[in-house]
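Structure file my_file_10.csv; described as CSV, C-alpha atoms and all ligand atoms.
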chain,number,residue,atom,x,y,z
A,224,MET,CA,72.8,-74.5,112.7
A,225,GLN,CA,75.1,-72.3,110.5
A,226,ARG,CA,74.3,-68.6,110.1
A,227,ILE,CA,75.4,-67.6,106.6
A,228,LEU,CA,76.0,-64.3,104.8
A,229,VAL,CA,76.0,-64.3,101.0
A,230,THR,CA,77.6,-61.3,99.3
A,231,GLY,CA,76.7,-60.4,95.7
A,232,ALA,CA,73.5,-62.4,96.3
A,233,ALA,CA,71.5,-60.7,93.6
A,234,GLY,CA,73.9,-61.9,90.9
A,235,GLN,CA,73.6,-64.9,88.5
A,236,ILE,CA,75.0,-67.5,91.0
A,237,GLY,CA,74.0,-65.8,94.3
A,238,SER,CA,70.4,-65.6,93.3
A,239,GLU,CA,70.2,-69.4,93.0
A,240,LEU,CA,72.8,-70.3,95.7
A,241,THR,CA,70.9,-68.2,98.4
A,242,PRO,CA,67.6,-70.2,98.0
A,243,ALA,CA,69.5,-73.5,98.0
A,244,LEU,CA,71.2,-72.5,101.3
A,245,ARG,CA,67.9,-71.3,102.8
A,246,GLU,CA,66.4,-74.7,101.8
A,247,ARG,CA,69.1,-76.4,103.8
A,248,TYR,CA,69.7,-74.1,106.8
A,249,GLY,CA,66.4,-72.2,107.1
A,250,SER,CA,65.4,-68.9,105.6
A,251,THR,CA,66.2,-66.8,108.6
A,252,HIS,CA,69.7,-68.3,108.9
A,253,VAL,CA,70.8,-67.1,105.5
A,254,VAL,CA,71.3,-63.4,105.0
A,255,ALA,CA,71.5,-62.2,101.4
A,256,SER,CA,73.4,-59.0,100.6
A,257,ASP,CA,74.2,-56.9,97.5
A,258,LEU,CA,74.9,-53.4,96.3
A,259,ARG,CA,71.5,-53.4,94.7
A,260,THR,CA,68.1,-54.0,96.3
A,261,PRO,CA,66.4,-57.1,94.8
A,262,ALA,CA,62.9,-56.8,93.3
A,263,ALA,CA,60.0,-57.8,95.5
A,264,ASP,CA,59.5,-61.0,93.5
A,265,SER,CA,63.2,-61.9,93.3
A,266,PRO,CA,64.5,-65.4,94.5
A,267,LEU,CA,66.0,-63.5,97.4
A,268,SER,CA,62.7,-62.3,98.8
A,269,GLY,CA,62.3,-65.4,101.1
A,270,GLY,CA,64.6,-64.2,103.9
A,271,PRO,CA,66.7,-61.4,105.4
A,272,PHE,CA,68.5,-58.9,103.0
A,273,GLU,CA,71.2,-56.3,103.7
A,274,LEU,CA,72.4,-53.6,101.4
A,275,LEU,CA,76.1,-54.0,101.5
A,276,ASP,CA,79.1,-52.8,99.4
A,277,VAL,CA,81.9,-55.3,100.2
A,278,ARG,CA,84.4,-52.5,99.9
A,279,ASP,CA,83.0,-51.0,103.1
A,280,ARG,CA,84.7,-53.1,105.8
A,281,THR,CA,83.0,-51.3,108.7
A,282,ARG,CA,79.5,-52.0,107.4
A,283,LEU,CA,80.5,-55.6,106.4
A,284,GLN,CA,81.7,-56.2,110.0
A,285,ALA,CA,78.5,-54.7,111.4
A,286,VAL,CA,76.3,-57.0,109.3
A,287,VAL,CA,78.4,-60.1,110.3
A,288,VAL,CA,78.2,-59.2,114.0
A,289,SER,CA,74.5,-58.3,114.0
A,290,HIS,CA,73.5,-61.5,112.3
A,291,ASN,CA,76.0,-63.7,114.3
A,292,ILE,CA,77.4,-65.0,111.0
A,293,ASP,CA,79.7,-68.0,111.0
A,294,ALA,CA,80.0,-68.7,107.3
A,295,ILE,CA,80.4,-66.3,104.3
A,296,TYR,CA,79.7,-67.2,100.6
A,297,HIS,CA,81.5,-64.3,98.9
A,298,MET,CA,79.9,-64.0,95.5
A,299,ALA,CA,80.3,-60.2,94.9
A,300,ALA,CA,82.7,-59.5,92.0
A,301,ILE,CA,83.2,-57.8,88.7
A,302,LEU,CA,83.5,-60.3,85.9
A,303,SER,CA,85.8,-60.5,82.9
A,304,ALA,CA,84.2,-58.3,80.2
A,305,THR,CA,83.1,-55.6,82.7
A,306,GLY,CA,86.5,-55.8,84.2
A,307,GLU,CA,88.2,-55.0,80.9
A,308,ALA,CA,86.0,-52.0,80.6
A,309,ASN,CA,87.0,-50.8,84.1
A,310,PRO,CA,90.1,-52.5,85.4
A,311,GLN,CA,90.4,-50.3,88.4
A,312,LEU,CA,86.9,-51.1,89.5
A,313,ALA,CA,87.6,-54.8,89.0
A,314,TRP,CA,90.7,-54.6,91.2
A,315,ASP,CA,88.9,-52.6,93.9
A,316,VAL,CA,85.9,-54.9,94.2
A,317,ASN,CA,87.6,-58.2,93.7
A,318,ILE,CA,90.7,-57.6,95.8
A,319,ASN,CA,89.7,-55.0,98.4
A,320,GLY,CA,86.3,-56.7,98.8
A,321,LEU,CA,88.0,-60.1,99.4
A,322,VAL,CA,90.5,-58.7,101.8
A,323,ASN,CA,87.6,-57.2,103.8
A,324,VAL,CA,85.7,-60.5,103.8
A,325,LEU,CA,88.8,-62.4,105.0
A,326,GLU,CA,89.8,-59.8,107.6
A,327,VAL,CA,86.2,-59.5,109.0
A,328,ALA,CA,86.0,-63.3,109.1
A,329,ARG,CA,89.3,-63.4,111.1
A,330,ALA,CA,88.2,-60.6,113.4
A,331,THR,CA,84.7,-61.9,114.2
A,332,GLY,CA,85.3,-65.7,114.4
A,333,VAL,CA,83.6,-66.6,111.1
A,334,ARG,CA,84.6,-70.3,110.7
A,335,ARG,CA,84.3,-70.9,106.9
A,336,VAL,CA,84.5,-68.7,103.8
A,337,PHE,CA,83.6,-69.7,100.2
A,338,CYS,CA,85.5,-67.7,97.6
A,339,PRO,CA,84.9,-68.6,94.0
A,340,SER,CA,87.7,-68.6,91.5
A,341,SER,CA,87.3,-69.0,87.7
A,342,ILE,CA,88.8,-70.5,84.5
A,343,ALA,CA,90.0,-66.9,84.0
A,344,VAL,CA,93.0,-67.8,86.2
A,345,PHE,CA,94.4,-69.6,83.2
A,346,GLY,CA,96.1,-67.7,80.3
A,347,PRO,CA,97.5,-68.3,76.8
A,348,GLU,CA,100.5,-70.3,78.2
A,349,THR,CA,98.3,-72.8,80.1
A,350,PRO,CA,97.7,-76.2,78.3
A,351,ARG,CA,94.3,-75.8,76.8
A,352,CYS,CA,92.9,-79.3,76.6
A,353,PRO,CA,92.7,-80.0,79.4
A,354,ALA,CA,94.1,-77.3,81.8
A,355,PRO,CA,95.8,-79.2,84.6
A,356,GLN,CA,95.1,-78.5,88.3
A,357,LEU,CA,98.7,-77.4,88.8
A,358,THR,CA,99.8,-75.3,85.9
A,359,VAL,CA,100.9,-71.9,84.6
A,360,LEU,CA,98.7,-69.1,85.9
A,361,HIS,CA,99.4,-66.1,83.8
A,362,PRO,CA,96.1,-64.6,82.8
A,363,SER,CA,95.7,-61.7,80.3
A,364,THR,CA,92.6,-60.1,81.9
A,365,VAL,CA,92.5,-58.0,85.1
A,366,TYR,CA,89.6,-60.3,86.2
A,367,GLY,CA,92.0,-63.3,85.9
A,368,LEU,CA,94.7,-61.4,87.8
A,369,THR,CA,92.2,-60.8,90.6
A,370,LYS,CA,91.2,-64.4,90.7
A,371,VAL,CA,94.8,-65.7,90.9
A,372,THR,CA,95.5,-63.2,93.7
A,373,GLY,CA,92.2,-64.3,95.4
A,374,GLU,CA,93.2,-68.0,95.3
A,375,LEU,CA,96.7,-67.2,96.8
A,376,LEU,CA,95.2,-64.8,99.4
A,377,GLY,CA,92.7,-67.4,100.5
A,378,ASP,CA,95.4,-70.1,100.7
A,379,TYR,CA,97.5,-67.7,102.8
A,380,TYR,CA,94.7,-67.1,105.3
A,381,VAL,CA,94.3,-70.9,105.6
A,382,GLN,CA,98.0,-71.4,106.4
A,383,ARG,CA,98.7,-68.2,108.4
A,384,TYR,CA,95.4,-67.8,110.4
A,385,GLY,CA,93.8,-71.2,110.3
A,386,LEU,CA,90.7,-69.7,108.6
A,387,ASP,CA,88.8,-72.4,106.6
A,388,VAL,CA,88.7,-70.8,103.1
A,389,ARG,CA,87.5,-72.9,100.2
A,390,GLY,CA,87.1,-72.1,96.5
A,391,LEU,CA,86.3,-73.6,93.0
A,392,ARG,CA,87.5,-72.5,89.6
A,393,TYR,CA,84.0,-72.2,88.1
A,394,PRO,CA,83.7,-72.7,84.4
A,395,GLY,CA,81.2,-70.4,82.5
A,396,ILE,CA,77.9,-70.8,84.3
A,397,ILE,CA,74.7,-71.3,82.3
A,398,SER,CA,71.4,-70.6,84.0
A,399,SER,CA,67.8,-69.6,83.5
A,400,GLU,CA,66.8,-67.6,86.6
A,401,THR,CA,69.1,-64.5,86.6
A,402,PRO,CA,71.0,-63.2,83.6
A,403,PRO,CA,74.8,-63.2,83.9
A,404,GLY,CA,76.6,-60.0,84.9
A,405,GLY,CA,79.2,-59.1,82.3
A,406,GLY,CA,81.3,-62.1,81.6
A,407,THR,CA,82.8,-63.6,78.4
A,408,THR,CA,80.8,-66.8,78.7
A,409,ASP,CA,77.5,-64.8,78.7
A,410,TYR,CA,76.8,-65.8,75.1
A,411,ALA,CA,76.0,-69.3,76.2
A,412,VAL,CA,73.1,-67.9,78.2
A,413,ASP,CA,72.0,-65.0,75.9
A,414,ILE,CA,71.6,-67.4,73.0
A,415,PHE,CA,68.7,-69.2,74.7
A,416,TYR,CA,66.8,-65.9,75.4
A,417,GLN,CA,67.2,-64.7,71.8
A,418,ALA,CA,66.5,-68.2,70.3
A,419,LEU,CA,63.2,-68.3,72.1
A,420,ARG,CA,62.3,-64.6,71.5
A,421,THR,CA,63.3,-64.1,67.9
A,422,ALA,CA,64.8,-67.4,66.6
A,423,GLN,CA,68.0,-65.5,65.8
A,424,TYR,CA,71.2,-64.7,67.7
A,425,THR,CA,74.4,-62.8,66.9
A,426,CYS,CA,77.1,-64.5,68.9
A,427,PHE,CA,80.1,-62.4,70.0
A,428,VAL,CA,82.6,-65.3,69.7
A,429,ARG,CA,83.5,-67.4,66.7
A,430,PRO,CA,81.6,-70.7,66.0
A,431,ASP,CA,84.7,-72.8,66.8
A,432,THR,CA,85.2,-71.3,70.2
A,433,VAL,CA,85.3,-74.1,72.8
A,434,LEU,CA,85.1,-73.2,76.5
A,435,PRO,CA,84.4,-75.1,79.7
A,436,MET,CA,80.9,-74.5,80.9
A,437,MET,CA,78.6,-75.8,83.7
A,438,TYR,CA,74.9,-75.8,84.2
A,439,MET,CA,73.7,-74.0,87.4
A,440,PRO,CA,72.3,-77.1,89.2
A,441,ASP,CA,75.8,-78.6,88.9
A,442,CYS,CA,77.4,-75.3,90.0
A,443,ILE,CA,75.2,-75.2,93.2
A,444,ARG,CA,75.8,-78.9,93.9
A,445,ALA,CA,79.6,-78.5,93.5
A,446,THR,CA,79.6,-75.4,95.8
A,447,LEU,CA,77.7,-77.2,98.5
A,448,ALA,CA,79.7,-80.4,98.2
A,449,LEU,CA,83.0,-78.6,98.6
A,450,MET,CA,81.7,-76.6,101.6
A,451,ASP,CA,80.4,-79.9,103.1
A,452,ALA,CA,83.6,-81.8,102.5
A,453,ASP,CA,85.5,-83.2,105.5
A,454,ALA,CA,88.5,-80.9,105.8
A,455,SER,CA,90.8,-83.9,106.4
A,456,ARG,CA,90.1,-85.1,102.8
A,457,LEU,CA,91.0,-81.8,101.1
A,458,THR,CA,94.3,-81.6,99.4
A,459,ARG,CA,93.6,-78.1,98.1
A,460,HIS,CA,91.8,-75.0,99.5
A,461,CYS,CA,90.9,-72.1,97.2
A,462,ASP,CA,91.7,-73.4,93.7
A,463,TYR,CA,89.8,-76.6,92.9
A,464,ASN,CA,89.4,-77.2,89.1
A,465,VAL,CA,85.8,-78.3,88.5
A,466,ALA,CA,84.6,-79.4,85.1
A,467,GLY,CA,81.1,-79.6,83.6
A,468,ILE,CA,80.6,-79.6,79.8
A,469,SER,CA,82.9,-78.3,77.1
A,470,PHE,CA,81.4,-77.4,73.7
A,471,SER,CA,81.8,-74.9,70.9
A,472,ALA,CA,79.4,-72.0,70.2
A,473,ALA,CA,78.4,-73.9,67.0
A,474,ASP,CA,77.7,-77.1,69.0
A,475,LEU,CA,75.4,-75.1,71.3
A,476,ALA,CA,73.6,-73.5,68.4
A,477,ALA,CA,73.1,-76.9,66.7
A,478,GLU,CA,71.7,-78.4,69.9
A,479,ILE,CA,69.2,-75.5,70.2
A,480,VAL,CA,68.1,-76.1,66.6
A,481,ARG,CA,67.0,-79.6,67.7
A,482,HIS,CA,64.4,-77.8,69.9
A,483,ILE,CA,63.8,-74.7,67.8
A,484,PRO,CA,64.2,-75.8,64.1
A,485,GLY,CA,64.2,-72.3,62.5
A,486,PHE,CA,66.9,-70.9,64.9
A,487,ALA,CA,69.7,-69.2,63.1
A,488,CYS,CA,73.0,-68.1,64.8
A,489,THR,CA,75.4,-65.7,63.1
A,490,TYR,CA,78.8,-64.7,64.5
A,491,GLU,CA,80.4,-61.3,65.0
A,492,PRO,CA,83.3,-61.7,67.3
A,493,ASP,CA,84.2,-58.6,69.4
A,494,PHE,CA,86.8,-57.9,72.1
A,495,ARG,CA,85.6,-60.9,74.1
A,496,GLN,CA,87.0,-63.3,71.5
A,497,ALA,CA,90.5,-62.5,72.7
A,498,ILE,CA,89.5,-63.3,76.3
A,499,ALA,CA,87.9,-66.5,75.3
A,500,ASP,CA,91.0,-67.5,73.2
A,501,SER,CA,93.1,-67.0,76.3
A,502,TRP,CA,91.1,-69.6,78.3
A,503,PRO,CA,91.3,-73.4,78.1
A,504,GLN,CA,88.8,-75.6,76.2
A,505,SER,CA,88.5,-78.1,79.0
A,506,ILE,CA,89.8,-78.6,82.5
A,507,ASP,CA,91.2,-81.6,84.5
A,508,ASP,CA,89.3,-81.8,87.8
A,509,ALA,CA,90.9,-85.0,89.1
A,510,PRO,CA,91.5,-83.6,92.7
A,511,ALA,CA,87.9,-82.5,93.0
A,512,ARG,CA,86.7,-86.0,92.0
A,513,THR,CA,89.1,-87.7,94.4
A,514,ASP,CA,88.8,-85.3,97.4
A,515,TRP,CA,85.1,-84.6,97.5
A,516,ASP,CA,83.6,-87.0,94.9
A,517,TRP,CA,82.7,-84.4,92.3
A,518,ARG,CA,80.8,-85.7,89.2
A,519,PRO,CA,78.8,-83.3,86.9
A,520,SER,CA,75.3,-84.5,86.0
A,521,PHE,CA,74.4,-82.4,83.0
A,522,ASP,CA,75.7,-82.7,79.4
A,523,LEU,CA,75.1,-80.4,76.5
A,524,ALA,CA,71.8,-82.2,75.5
A,525,SER,CA,70.3,-82.4,79.0
A,526,MET,CA,71.3,-78.8,79.8
A,527,THR,CA,69.9,-77.4,76.6
A,528,ALA,CA,66.6,-79.3,77.0
A,529,ASP,CA,66.2,-78.1,80.6
A,530,MET,CA,67.1,-74.4,79.8
A,531,ILE,CA,64.4,-74.4,77.1
A,532,ARG,CA,61.9,-76.1,79.3
A,533,ARG,CA,62.4,-73.5,82.0
A,534,LEU,CA,62.7,-70.4,79.8
A,535,LYS,CA,60.0,-71.1,77.2
A,536,PRO,CA,56.9,-70.5,79.4
A,537,ARG,CA,58.5,-67.5,81.2
A,538,LEU,CA,59.4,-65.7,77.9
A,539,ALA,CA,56.0,-66.5,76.3
A,540,ALA,CA,54.2,-65.0,79.3
B,1,LIG,P1,77.3,-61.5,88.8
B,1,LIG,O1,78.0,-60.4,88.1
B,1,LIG,O2,76.1,-62.1,88.2
B,1,LIG,O3,76.9,-61.1,90.3
B,1,LIG,C1,77.8,-60.3,91.1
B,1,LIG,C2,77.0,-59.6,92.1
B,1,LIG,O4,77.9,-58.8,92.9
B,1,LIG,C3,76.0,-58.6,91.5
B,1,LIG,O5,74.7,-58.8,92.0
B,1,LIG,C4,76.5,-57.2,91.9
B,1,LIG,O6,75.5,-56.3,92.2
B,1,LIG,C5,77.3,-57.5,93.1
B,1,LIG,N1,78.4,-56.6,93.4
B,1,LIG,C6,79.2,-56.0,92.5
B,1,LIG,N2,80.0,-55.1,93.2
B,1,LIG,C7,79.7,-55.2,94.5
B,1,LIG,C8,80.2,-54.6,95.7
B,1,LIG,N3,81.2,-53.7,95.6
B,1,LIG,N4,79.7,-55.0,96.9
B,1,LIG,C9,78.7,-55.9,96.9
B,1,LIG,N5,78.1,-56.5,95.8
B,1,LIG,C10,78.7,-56.2,94.6
B,1,LIG,O7,78.4,-62.6,89.1
B,1,LIG,P2,78.1,-64.2,89.3
B,1,LIG,O8,78.1,-64.8,88.0
B,1,LIG,O9,77.0,-64.4,90.2
B,1,LIG,O10,79.5,-64.6,90.0
B,1,LIG,C11,79.6,-64.9,91.4
B,1,LIG,C12,81.1,-65.3,91.6
B,1,LIG,O11,81.4,-66.4,90.8
B,1,LIG,C13,82.1,-64.2,91.2
B,1,LIG,O12,83.2,-64.3,92.1
B,1,LIG,C14,82.6,-64.7,89.8
B,1,LIG,O13,83.9,-64.2,89.6
B,1,LIG,C15,82.5,-66.2,90.0
B,1,LIG,N6,82.4,-66.8,88.7
B,1,LIG,C16,81.3,-66.7,88.0
B,1,LIG,C17,81.2,-67.4,86.7
B,1,LIG,C18,80.0,-67.3,85.9
B,1,LIG,O14,80.0,-67.8,84.7
B,1,LIG,N7,78.9,-66.7,86.3
B,1,LIG,C19,82.3,-68.2,86.3
B,1,LIG,C20,83.4,-68.2,87.1
B,1,LIG,C21,83.5,-67.6,88.3
B,2,LIG,N1,81.9,-66.6,83.3
B,2,LIG,C1,83.0,-65.8,83.7
B,2,LIG,C2,83.4,-64.7,82.8
B,2,LIG,O1,83.1,-64.9,81.6
B,2,LIG,C3,84.2,-66.7,84.0
B,2,LIG,O2,84.7,-66.4,85.2
B,2,LIG,O3,83.8,-63.7,83.2
Please, can you express the file's structure as C-alpha cells?
Amino acid sequence: MQRILVTGAAGQIGSELTPALRERYGSTHVVASDLRTPAADSPLSGGPFELLDVRDRTRLQAVVVSHNIDAIYHMAAILSATGEANPQLAWDVNINGLVNVLEVARATGVRRVFCPSSIAVFGPETPRCPAPQLTVLHPSTVYGLTKVTGELLGDYYVQRYGLDVRGLRYPGIISSETPPGGGTTDYAVDIFYQALRTAQYTCFVRPDTVLPMMYMPDCIRATLALMDADASRLTRHCDYNVAGISFSAADLAAEIVRHIPGFACTYEPDFRQAIADSWPQSIDDAPARTDWDWRPSFDLASMTADMIRRLKPRLAA
C-alpha cells in the first residue's frame, strides 16, 4: 500500500484530492500538509496532518522519513493573480518548493511525484484555439514562468535521476468545497457563490473571455488516472495537456440564469483580464487521450447544475 504526502492540502484541489486518496489508500496512509492548519470540520480532518512550509527542506525531509512516504502529490503553490501581486514569493514557493520536493524524493527513495502544471504555461504567442501539446511556451506571468520551469525540472529529474515525476496542465478548476486561492479563473467559482447569495455578480473579466476550465470531479479523476497509468504507455511526463470545458464568462452567466432566473452579471475587467487574454481558449489533449484514456465527463450544463445542487443548501444554512 502506498504511503502518500500531499503538500498544499488545504487548498482548492488538495482539500478534495486528499479525501479521494484516503478513500483509495486508507486514511492513515495519506498525510495532508500545508502552511495553515485546517479547521476541525475541514475535509482534511479524517487523517494525519503536518504543518509544513515546502521551502523548508529539512522539515520536508523529516516529514517524508517519519511517515515512510513513497509518493508525493505536490499541490503547494502561489497562483497567477497572487503571483503578480508578489512575484518574488511566487518564484520562491513554486520553484524552491518544487526543488525541495524533488531533492527530498531523490534522497529518501520516494518513488513517484505528482507536480501540477497549468494552462498558464501558454502565452500570447501560443495558438489559442486549441493550444497544441507541443507549442510555444512563452508566458507573460511569473506564475506561468514557474510552471514552465517546473515542467522542465520534473522532466529533467525523470531523465537524469530516474524519478517518476508526472504532471498535468490543469485548466481553471471549478469546485464547490474549498474556494480557490488567488487565480485568474476564480471568477468561474465566485460567480456561483454570489448568484446564490445575492443574485448578482460583478465579473472581473469581459463577457467574451473564453478559457479552458474543468470541474473538480474530472480534475481528481484525471490526476488519479495519470498517476495510475502504466509508465510504459506514457509518451510525456510533466506536461500533459488535459481539457475539460471551454466557455465564455457570458456563457456561464447564461447557464446560471437557467437555474436562478433573476441572476444578473455585470462586467468590470481588472488586471486579471490581461492574464486571461494571454491564455488559450481551448487545449488539444490528444496525448492524454491516447496514453491514459483521458475523457472529461462534465460539460457546462452538467457542471453548473451540480455546482448549484451542492452549494444551494450549504449557502442557505
Ligand atoms: P490553492 O491556492 O487553492 O492552494 C495552494 C495551497 O498551498 C494553499 O492551501 C496554501 O496554504 C498552500 N501553500 C502556499 N504556500 C505554501 C508553502 N510555502 N508551503 C506549503 N504550503 C503552501 O491552489 P490549488 O488551486 O489547490 O492549486 C494546486 C496546484 O494546482 C498548484 O500547483 C496550482 O498551480 C495548480 N493549478 C491549479 C489550478 C486551479 O484552477 N485551481 C489550475 C491550474 C493549476
Ligand atoms: N486557475 C489558475 C489560475 O488562474 C490557472 O493555473 O491561476
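Among the candidates A:Ser341, A:Gln311, A:Ser469, A:Thr305, the residue lying nearest to Asp431 in chain A is A:Ser469 (atoms considered: all atoms listed in the file).
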Using all atoms listed in the file, which residue out of A:Tyr424, A:Tyr296, A:Tyr366, A:Tyr384 lies closest to ligand LIG 2 (chain B)?
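Among the listed residues, A:Tyr366 lies closest to ligand LIG 2 (chain B).
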Using all atoms listed in the file, find each protein or nucleic acid residue lying at most 6 Å from ligand LIG 1 (chain B); present the set as a PyMOL selection string.
chain A and resi 230-237+257-259+275-278+298-302+316+339-341+393-396+403-404
Residues within 7 Å of range 248-251 of chain A, please, as a PyMOL selection string. Count only C-alpha atoms; anything in the same chain fewer than 3 positions from it doesn't count.
chain A and resi 224-225+244-245+269-271
For each of A:Leu376, A:Leu386, A:Val324, A:Met439, take the minimum atom-to-atom distance to ligand LIG 2 (chain B), counting all atoms listed in the file, then give the residue where this is smallest.
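Looking at the shortest contact to ligand LIG 2 (chain B), the residue is A:Met439.
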Counting all atoms listed in the file, closest pick from A:Thr364, A:Thr372, A:Ser238, A:Gln496 relative to Val428 in chain A is A:Gln496
Could you check which of A:Arg226, A:Arg495, A:Lys535, A:Arg512 is closest to ligand LIG 2 (chain B), using only C-alpha atoms and all ligand atoms?
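With only C-alpha atoms and all ligand atoms as the atom set, the closest residue is A:Arg495.
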Counting all atoms listed in the file, which residues have an atom no more than 12 Å from (62.7, -72.4, 81.5) in the file's coordinates? Please list them as an MDAnalysis selection string.
chainID A and resid 398:401 412 415:416 419 526:540
Between CA of His482 in chain A and CA of Ser525 in chain A, distance in Å (one decimal)
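Here the two named atoms are 11.8 Å from each other.
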Nearest-residue call for Glu491 in chain A, choices A:Ala472, A:Leu274, A:Met450, A:Val288, using all atoms listed in the file
A:Ala472
Computed interatomic separation between CA of Ile342 in chain A and CA of Val359 in chain A (Å)
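Here the two named atoms are 12.2 Å from each other.
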Would you kindly return, as a ChimeraX atom specification, each protein, DNA or RNA residue with an atom no farther than 6 Å from any atom of Ser505 in chain A, considering only C-alpha atoms and excluding same-chain residues fewer than 3 positions away?
/A:352-353,435,469
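Note that the spacing between CA of Pro484 in chain A and CA of Pro519 in chain A amounts to 28.1 Å.
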Taking (86.4, -67.4, 104.4) as a centre in this file's frame and 6 Å as the limit, can you find every polymer residue with an atom that close, using all atoms listed in the file, and give them as an MDAnalysis selection string?
chainID A and resid 325 335:337 387:388
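Those residues that approach Trp515 in chain A to within 10 Å, counting all atoms listed in the file, are A:Ala445, A:Ala448, A:Leu449, A:Met450, A:Asp451, A:Ala452, A:Asp453, A:Ala454, A:Arg456, A:Leu457, A:Thr458, A:Pro510, A:Ala511, A:Arg512, A:Arg518; same-chain residues fewer than 3 positions away are not listed.
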